[in-house]
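Here the structure comes first, spelled out in structure tokens, and everything after it is commentary.
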Amino acid sequence: MRYGAAILDASGLRLTAQEKALFRAVKPFGFILFARNIDTPDQVRALCDELREAAGHEAVITVDQEGGRVQRLRAPHWRDWTAPLDFVQAAGPNAAEAMYLRFRLIADELHRVGIDSNCAPMVDVAGAQTHAFLRNRCYGTTPDAVAALGRAAADGMLAGGVLPVVKHMPGHGRATMDSHFDLPQVDAPRAALDTHDFAPFKVLNDLPMGMTAHLVYDAIDPRPATLSPVMMQLIREDIGFDNLIMTDDISMKALTGEVDDIAAGALAAGCDVVLYCNATLEDRTRVADAAGEMSDAAQTRAARALAMRRTPDDVDIPALTAKLDRLLGGTVYG
């Protein structure tokens with residue numbers, strides 16, 4: 001079947017009749033969940049079933065389960081995690097193994113309730129100037145370390161049956177503003193971007209899905225990366241990422257204009273699918289209509305991503321938890 005070129009959300013713990021009708025009509029490629037959609041494991045499973053039934057296919061259902069501030073599933077039903085940068089620092093020389101175990105455990109919790117994707121790893125390289133909204137969500141301050149930890153996180157998710165979404169392409173670490181509210185501009189020269197910011201994404205260019213960054217790279221193009229054909233070509237050709245690319249949420253204030261125009265502009269720039277969150281039913285309909293069906297190239301990339309979904313490997317989750325406890329000296333959780 002042809003997928004709609006949108007990833008949408010739901011307003012609550014179950015779908016309304018109007019949401020079911022919309023999703024039946026537009027057949028979105030996938031969905032994203034937020035804290036307002038999460039109550040108990042049984043409720044989340046039921047919501048995921050409703051979403052897929054309404055879409056008419058085994059839609060990807062993703063979430064932001066990074067740990068720390070950005071974590072939608074929380075105690076008492078799920079583990080609470082420390083922020084990624086704090087976690088990596090606590091793990092020290094065991095960071096790569098600990099990161100694999102962290103995301104293998106996260107994948108187990110997600111997969112058990114029907115969520116089969118996670119908007120991670122986040123391989124933006126942290127620096128002294130990185131805005132506080134992003135900094136402790138990062139994995140490190142050097143491209144090599146970030147790439148290695150991103151690979152470990154991705155491997156843990158894939159082993160647990162969860163598709164990783166590498167973000168924020170091609171690198172958000174130099175942003176001094178929060179793109180939820182402002183449009184960050186990066187004035188670093190191209191050579192520095194290539195060797196620093198873009199480098200982890202080159203290493204991880206085989207992952208099934210990626211998410212764009214809403215920021216401007218002055219040395220390359222005056223348009224936000226999500227809306228820039230120049231930046232999208234860079235991601236495809238220079239970084240070498242030819243798998244499915246979704247936008248970051250186009251409702252974020254870094255992007256201005258009518259949401260249906262933004263959706264069309266992102267797809268015209270080269271994104272495969274538009275992520276749109278936290279909006280009225282009317283605006284979700286506008287975006288889904290503007291996005292329409294996936295292009296042939298996007299449909300091919302979508303099929304390639306879906307083919308990477310797998311049955312989780314057979315592991316002893318309590319044993320993995322105990323191993324992580326030992327690696328971190330008992331400081332696994334927040």
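Every chain in the structure tokens has a letter given in the order shown (A, B, ...), and although residue numbers restart at 1 in each chain, ligands are simply numbered from 1 in the order shown.
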
Hey, which bits of segment 230-323 of chain A sit within 12 Å of segment 92-109 of chain A, and for each residue what's the closest pair of atoms and how far apart in Å (one decimal), counting only C-alpha atoms, rows by chain and increasing number, as a Markdown table?
```
| residue | atom | partner | partner_atom | distance |
| --- | --- | --- | --- | --- |
| A:Arg310 | CA | A:Ala107 | CA | 11.8 |
| A:Thr311 | CA | A:Asp108 | CA | 11.0 |
| A:Pro312 | CA | A:Asp108 | CA | 8.0 |
| A:Asp313 | CA | A:Arg104 | CA | 9.9 |
| A:Asp314 | CA | A:Asp108 | CA | 10.6 |
| A:Val315 | CA | A:Arg104 | CA | 9.7 |
| A:Asp316 | CA | A:Leu105 | CA | 10.3 |
| A:Ile317 | CA | A:Leu105 | CA | 7.1 |
| A:Pro318 | CA | A:Leu105 | CA | 9.5 |
| A:Ala319 | CA | A:Leu101 | CA | 10.5 |
| A:Leu320 | CA | A:Leu101 | CA | 6.7 |
| A:Thr321 | CA | A:Leu105 | CA | 7.5 |
| A:Ala322 | CA | A:Leu101 | CA | 10.2 |
| A:Lys323 | CA | A:Leu101 | CA | 8.3 |
```

Report as JSON lines: every residue of segment 212-286 of chain A with an atom at most 12 Å from segment 9-29 of chain A, its closest pair of atoms, and their distance in Å to one decimal, counting only C-alpha atoms, with rows sorted by chain and ascending residue number.
```
{"residue": "A:Leu244", "atom": "CA", "partner": "A:Phe29", "partner_atom": "CA", "distance": 11.1}
{"residue": "A:Met246", "atom": "CA", "partner": "A:Phe29", "partner_atom": "CA", "distance": 10.5}
{"residue": "A:Asp249", "atom": "CA", "partner": "A:Asp9", "partner_atom": "CA", "distance": 10.8}
{"residue": "A:Asp272", "atom": "CA", "partner": "A:Phe29", "partner_atom": "CA", "distance": 10.2}
{"residue": "A:Val273", "atom": "CA", "partner": "A:Phe29", "partner_atom": "CA", "distance": 7.8}
{"residue": "A:Val274", "atom": "CA", "partner": "A:Phe29", "partner_atom": "CA", "distance": 9.5}
{"residue": "A:Leu275", "atom": "CA", "partner": "A:Asp9", "partner_atom": "CA", "distance": 8.9}
{"residue": "A:Tyr276", "atom": "CA", "partner": "A:Asp9", "partner_atom": "CA", "distance": 7.4}
{"residue": "A:Cys277", "atom": "CA", "partner": "A:Asp9", "partner_atom": "CA", "distance": 5.8}
{"residue": "A:Asn278", "atom": "CA", "partner": "A:Asp9", "partner_atom": "CA", "distance": 7.3}
{"residue": "A:Ala279", "atom": "CA", "partner": "A:Ser11", "partner_atom": "CA", "distance": 8.5}
{"residue": "A:Thr280", "atom": "CA", "partner": "A:Ser11", "partner_atom": "CA", "distance": 8.5}
{"residue": "A:Leu281", "atom": "CA", "partner": "A:Glu19", "partner_atom": "CA", "distance": 7.3}
{"residue": "A:Glu282", "atom": "CA", "partner": "A:Leu22", "partner_atom": "CA", "distance": 9.8}
{"residue": "A:Asp283", "atom": "CA", "partner": "A:Leu22", "partner_atom": "CA", "distance": 11.4}
{"residue": "A:Arg284", "atom": "CA", "partner": "A:Asp9", "partner_atom": "CA", "distance": 8.6}
{"residue": "A:Thr285", "atom": "CA", "partner": "A:Leu22", "partner_atom": "CA", "distance": 7.0}
{"residue": "A:Arg286", "atom": "CA", "partner": "A:Leu22", "partner_atom": "CA", "distance": 10.7}
```

Please report as a Markdown table every residue of segment 171-255 of chain A lying within 9 Å of segment 132-135 of chain A, along with the nearest atom pair and their distance in Å (one decimal), using only C-alpha atoms.
```
| residue | atom | partner | partner_atom | distance |
| --- | --- | --- | --- | --- |
| A:His172 | CA | A:Leu134 | CA | 8.4 |
| A:Gly173 | CA | A:Leu134 | CA | 7.6 |
| A:Ala175 | CA | A:Leu134 | CA | 8.6 |
| A:Thr176 | CA | A:Ala132 | CA | 8.4 |
| A:Met177 | CA | A:Phe133 | CA | 8.3 |
| A:Asp178 | CA | A:Phe133 | CA | 6.2 |
```

Keeping only N, CA and C atoms, write those residues as a PDB file, in the first residue's frame.
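Wrote it out as out-v4.pdb, contents follow:
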```
ATOM      1  N   HIS A 172      23.165  19.286  15.682  1.00  0.00           N
ATOM      2  CA  HIS A 172      22.498  20.388  16.393  1.00  0.00           C
ATOM      3  C   HIS A 172      23.354  20.929  17.544  1.00  0.00           C
ATOM      4  N   GLY A 173      24.550  20.374  17.717  1.00  0.00           N
ATOM      5  CA  GLY A 173      25.317  20.659  18.928  1.00  0.00           C
ATOM      6  C   GLY A 173      25.782  22.093  19.088  1.00  0.00           C
ATOM      7  N   ALA A 175      24.032  24.718  18.429  1.00  0.00           N
ATOM      8  CA  ALA A 175      22.894  25.620  18.606  1.00  0.00           C
ATOM      9  C   ALA A 175      22.936  26.290  19.975  1.00  0.00           C
ATOM     10  N   THR A 176      22.802  27.597  19.981  1.00  0.00           N
ATOM     11  CA  THR A 176      22.762  28.362  21.237  1.00  0.00           C
ATOM     12  C   THR A 176      21.344  28.802  21.573  1.00  0.00           C
ATOM     13  N   MET A 177      20.378  28.352  20.777  1.00  0.00           N
ATOM     14  CA  MET A 177      18.965  28.628  21.028  1.00  0.00           C
ATOM     15  C   MET A 177      18.196  27.314  21.031  1.00  0.00           C
ATOM     16  N   ASP A 178      17.044  27.338  21.670  1.00  0.00           N
ATOM     17  CA  ASP A 178      16.148  26.195  21.697  1.00  0.00           C
ATOM     18  C   ASP A 178      15.234  26.270  20.482  1.00  0.00           C
TER      19      ASP A 178
END
```

Test item: residues at most 10 Å from Thr247 of chain A, only C-alpha atoms, excluding those fewer than 6 positions along its chain, as a compact mmCIF listing (two decimals) with all heavy atoms, in the first residue's frame:
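Done, and the output landed in selection_37.txt:
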```txt
# COMPACT_ATOMS: atom_id res chain seq x y z
N ALA A 6 3.26 11.38 6.37
CA ALA A 6 3.15 12.10 7.65
C ALA A 6 3.29 11.12 8.80
O ALA A 6 2.94 9.94 8.69
CB ALA A 6 1.81 12.83 7.73
N ILE A 7 3.82 11.63 9.90
CA ILE A 7 3.80 10.96 11.19
C ILE A 7 3.00 11.87 12.12
O ILE A 7 3.37 13.03 12.32
CB ILE A 7 5.21 10.71 11.73
CG1 ILE A 7 5.96 9.73 10.80
CG2 ILE A 7 5.17 10.15 13.15
CD1 ILE A 7 7.43 9.54 11.16
N LYS A 167 19.32 11.38 15.23
CA LYS A 167 18.96 12.80 15.19
C LYS A 167 20.09 13.62 15.82
O LYS A 167 20.94 13.07 16.52
CB LYS A 167 17.64 13.04 15.91
CG LYS A 167 17.64 12.72 17.41
CD LYS A 167 16.25 12.87 18.00
CE LYS A 167 16.29 12.70 19.51
NZ LYS A 167 14.96 12.70 20.12
N HIS A 168 20.11 14.97 15.55
CA HIS A 168 19.28 15.76 14.64
C HIS A 168 20.13 16.10 13.43
O HIS A 168 21.11 16.84 13.58
CB HIS A 168 18.81 17.05 15.30
CG HIS A 168 18.02 16.85 16.56
ND1 HIS A 168 18.61 16.72 17.81
CD2 HIS A 168 16.68 16.76 16.77
CE1 HIS A 168 17.67 16.59 18.73
NE2 HIS A 168 16.48 16.59 18.14
N MET A 169 19.84 15.57 12.30
CA MET A 169 20.70 15.64 11.13
C MET A 169 20.69 17.04 10.51
O MET A 169 19.62 17.61 10.33
CB MET A 169 20.24 14.62 10.09
CG MET A 169 20.19 13.19 10.62
SD MET A 169 19.68 12.00 9.37
CE MET A 169 21.24 11.87 8.48
N GLY A 210 16.28 8.71 10.07
CA GLY A 210 16.94 9.88 10.62
C GLY A 210 15.96 11.03 10.75
O GLY A 210 14.91 11.05 10.09
N MET A 211 16.30 11.99 11.59
CA MET A 211 15.45 13.17 11.84
C MET A 211 16.26 14.43 11.60
O MET A 211 17.41 14.53 12.02
CB MET A 211 14.93 13.15 13.28
CG MET A 211 14.11 14.37 13.67
SD MET A 211 13.68 14.39 15.43
CE MET A 211 12.42 13.11 15.47
N THR A 212 15.64 15.40 10.92
CA THR A 212 16.34 16.63 10.59
C THR A 212 16.45 17.58 11.78
O THR A 212 15.76 17.44 12.78
CB THR A 212 15.60 17.38 9.47
OG1 THR A 212 14.29 17.75 9.93
CG2 THR A 212 15.50 16.55 8.22
N ALA A 213 17.31 18.58 11.61
CA ALA A 213 17.47 19.66 12.57
C ALA A 213 16.85 20.93 12.01
O ALA A 213 17.02 21.25 10.84
CB ALA A 213 18.95 19.90 12.86
N HIS A 214 16.15 21.67 12.87
CA HIS A 214 15.62 22.98 12.49
C HIS A 214 16.64 24.06 12.86
O HIS A 214 16.52 24.72 13.90
CB HIS A 214 14.32 23.28 13.23
CG HIS A 214 13.19 22.34 12.94
ND1 HIS A 214 13.03 21.66 11.76
CD2 HIS A 214 12.11 21.99 13.71
CE1 HIS A 214 11.92 20.93 11.81
NE2 HIS A 214 11.36 21.12 12.98
N ALA A 225 17.68 23.69 7.84
CA ALA A 225 18.04 22.44 7.19
C ALA A 225 16.81 21.64 6.75
O ALA A 225 16.81 21.05 5.66
CB ALA A 225 18.90 21.60 8.13
N THR A 226 15.77 21.63 7.56
CA THR A 226 14.57 20.87 7.23
C THR A 226 13.92 21.33 5.94
O THR A 226 13.29 20.53 5.23
CB THR A 226 13.55 21.00 8.39
OG1 THR A 226 14.15 20.48 9.59
CG2 THR A 226 12.25 20.26 8.11
N LEU A 227 14.10 22.61 5.59
CA LEU A 227 13.46 23.19 4.40
C LEU A 227 14.46 23.50 3.30
O LEU A 227 14.10 24.17 2.33
CB LEU A 227 12.72 24.48 4.80
CG LEU A 227 11.63 24.32 5.86
CD1 LEU A 227 11.06 25.68 6.25
CD2 LEU A 227 10.52 23.39 5.37
N ALA A 263 4.95 21.79 5.62
CA ALA A 263 4.96 20.37 5.28
C ALA A 263 5.34 20.17 3.82
O ALA A 263 6.22 19.35 3.50
CB ALA A 263 3.59 19.76 5.57
N ALA A 266 9.07 21.00 3.26
CA ALA A 266 10.01 19.99 3.75
C ALA A 266 10.10 18.82 2.78
O ALA A 266 11.20 18.31 2.49
CB ALA A 266 9.59 19.52 5.13
N LEU A 267 8.98 18.39 2.27
CA LEU A 267 8.99 17.28 1.31
C LEU A 267 9.64 17.69 0.01
O LEU A 267 10.41 16.92 -0.59
CB LEU A 267 7.56 16.79 1.08
CG LEU A 267 6.87 16.18 2.31
CD1 LEU A 267 5.41 15.89 2.01
CD2 LEU A 267 7.58 14.92 2.78
N CYS A 271 12.94 15.78 2.31
CA CYS A 271 12.53 14.90 3.41
C CYS A 271 11.53 13.88 2.87
O CYS A 271 10.80 14.14 1.91
CB CYS A 271 11.88 15.71 4.53
SG CYS A 271 13.00 16.89 5.32
N ASP A 272 11.46 12.72 3.50
CA ASP A 272 10.55 11.67 3.06
C ASP A 272 9.20 11.73 3.75
O ASP A 272 8.19 11.33 3.17
CB ASP A 272 11.17 10.29 3.35
CG ASP A 272 12.44 10.05 2.55
OD1 ASP A 272 12.41 10.25 1.32
OD2 ASP A 272 13.45 9.67 3.16
N VAL A 273 9.19 12.20 4.99
CA VAL A 273 7.96 12.18 5.78
C VAL A 273 8.00 13.33 6.77
O VAL A 273 9.08 13.71 7.26
CB VAL A 273 7.79 10.81 6.48
CG1 VAL A 273 8.90 10.54 7.46
CG2 VAL A 273 6.43 10.68 7.14
N VAL A 274 6.84 13.91 7.05
CA VAL A 274 6.72 15.07 7.92
C VAL A 274 6.19 14.65 9.28
O VAL A 274 5.18 13.94 9.37
CB VAL A 274 5.75 16.11 7.29
CG1 VAL A 274 5.48 17.24 8.26
CG2 VAL A 274 6.32 16.64 5.99
N LEU A 275 6.86 15.07 10.34
CA LEU A 275 6.41 14.85 11.71
C LEU A 275 5.67 16.09 12.18
O LEU A 275 6.22 17.20 12.14
CB LEU A 275 7.62 14.57 12.62
CG LEU A 275 7.34 14.46 14.12
CD1 LEU A 275 6.48 13.25 14.44
CD2 LEU A 275 8.66 14.40 14.90
N TYR A 276 4.43 15.90 12.64
CA TYR A 276 3.62 17.03 13.08
C TYR A 276 2.92 16.65 14.38
O TYR A 276 2.18 15.66 14.42
CB TYR A 276 2.61 17.43 12.01
CG TYR A 276 1.83 18.68 12.34
CD1 TYR A 276 2.49 19.86 12.69
CD2 TYR A 276 0.44 18.70 12.29
CE1 TYR A 276 1.78 21.02 12.99
CE2 TYR A 276 -0.28 19.85 12.57
CZ TYR A 276 0.40 21.01 12.92
OH TYR A 276 -0.29 22.16 13.22
```

### Query
Just how far from atom CA of Ala153 of chain A is atom CA of Asn37 of chain A, in Å to one decimal?
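Those two atoms sit 24.6 Å apart.
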
As a tab-separated table (two decimals) with all heavy atoms, in the first residue's frame, please: the residues near Arg69 of chain A (cut-off 7 Å, only C-alpha atoms, same-chain neighbours under 2 positions excluded).
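Resulting contents of part-v1.tsv:
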```tsv
chain	number	residue	atom	x	y	z
A	67	GLY	N	15.65	9.24	27.97
A	67	GLY	CA	16.05	9.26	29.37
A	67	GLY	C	16.27	10.68	29.83
A	67	GLY	O	16.42	11.60	29.02
A	71	GLN	N	11.69	11.79	28.25
A	71	GLN	CA	11.31	10.41	28.50
A	71	GLN	C	9.80	10.38	28.72
A	71	GLN	O	9.30	10.97	29.67
A	71	GLN	CB	12.05	9.89	29.74
A	71	GLN	CG	11.70	8.46	30.11
A	71	GLN	CD	12.58	7.91	31.22
A	71	GLN	OE1	13.70	8.35	31.42
A	71	GLN	NE2	12.08	6.92	31.93
A	83	ALA	N	19.87	11.45	32.72
A	83	ALA	CA	20.12	12.08	31.42
A	83	ALA	C	21.31	11.39	30.75
A	83	ALA	O	22.26	10.94	31.42
A	83	ALA	CB	20.40	13.56	31.60
```

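Each of A:Gly270, A:Gly150, A:Pro189, A:Pro84 was checked against Cys138 of chain A using only C-alpha atoms; the smallest atom-to-atom distance is that of A:Pro84.
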
### Task
Give me the residues within 12 Å of Val70 of chain A as a ChimeraX atom specification, counting only C-alpha atoms and dropping any in the same chain fewer than 2 places off.
/A:34-35,63-68,72-74,80-84,118-120,122,133-138

### Query
Any idea what's packed within 10 Å of Tyr3 of chain A, counting only C-alpha atoms, ignoring anything in its chain fewer than 5 positions away? Could you give it as a PyMOL selection string?
chain A and resi 26-30+55-57+59+273+292-295+298-299+302

### Message
Using only C-alpha atoms, which protein or nucleic acid residues come within 7 Å of Gly140 of chain A? Drop anything in the same chain fewer than 6 positions from it, and give the result as number ranges by chain.
### Response
A: 85, 125-126, 146

Using DSSP on the backbone, list every residue of segment 249-319 of chain A that comes out as alpha helix (DSSP H), and give them as a short mmCIF file (atom, residue, chain, number, x, y, z; two decimals) with C-alpha atoms, in the first residue's frame.
```cif
data_model
loop_
_atom_site.label_atom_id
_atom_site.label_comp_id
_atom_site.auth_asym_id
_atom_site.auth_seq_id
_atom_site.Cartn_x
_atom_site.Cartn_y
_atom_site.Cartn_z
CA VAL A 259 1.88 24.40 8.67
CA ASP A 260 0.64 22.99 5.39
CA ASP A 261 3.15 25.16 3.51
CA ILE A 262 5.94 24.01 5.85
CA ALA A 263 4.96 20.37 5.28
CA ALA A 264 5.01 20.79 1.51
CA GLY A 265 8.30 22.69 1.69
CA ALA A 266 10.01 19.99 3.75
CA LEU A 267 8.99 17.28 1.31
CA ALA A 268 10.02 19.42 -1.66
CA ALA A 269 13.42 19.93 -0.01
CA LEU A 281 -7.52 17.86 14.45
CA GLU A 282 -8.08 20.53 11.81
CA ASP A 283 -4.38 21.34 11.56
CA ARG A 284 -3.41 17.67 11.53
CA THR A 285 -5.79 17.23 8.62
CA ARG A 286 -4.23 20.19 6.79
CA VAL A 287 -0.74 18.78 7.19
CA ALA A 288 -1.74 15.26 6.18
CA ASP A 289 -3.49 16.61 3.09
CA ALA A 290 -0.50 18.79 2.16
CA ALA A 291 1.89 15.87 2.64
CA ASP A 296 8.28 6.59 -4.96
CA ALA A 297 11.75 7.16 -3.48
CA ALA A 298 10.32 7.72 0.00
CA GLN A 299 8.16 4.62 -0.29
CA THR A 300 11.25 2.58 -1.17
CA ARG A 301 13.13 3.98 1.83
CA ALA A 302 10.12 3.31 4.06
CA ALA A 303 10.00 -0.31 2.95
CA ARG A 304 13.74 -0.62 3.63
CA ALA A 305 13.29 0.78 7.13
CA LEU A 306 10.36 -1.48 7.92
CA ILE A 317 16.24 -8.97 31.04
CA PRO A 318 16.86 -9.26 34.82
CA ALA A 319 20.39 -10.45 34.07
#
```

### Query
Could you work out how far atom CA of Ile115 of chain A lies from atom CA of Cys48 of chain A, giving the answer in Å with one decimal?
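Result for atom CA of Cys48 of chain A versus atom CA of Ile115 of chain A: 7.1 Å, one decimal.
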
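Distance check against Trp78 of chain A using only C-alpha atoms: of A:Ala54, A:Val113, A:Leu204, A:Val230, the minimum falls on A:Val113.
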
### Query
Hey, can you check how far atom CA of Gly114 of chain A sits from atom CA of Ala154 of chain A?
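About the pair atom CA of Gly114 of chain A and atom CA of Ala154 of chain A: they are 18.3 Å apart.
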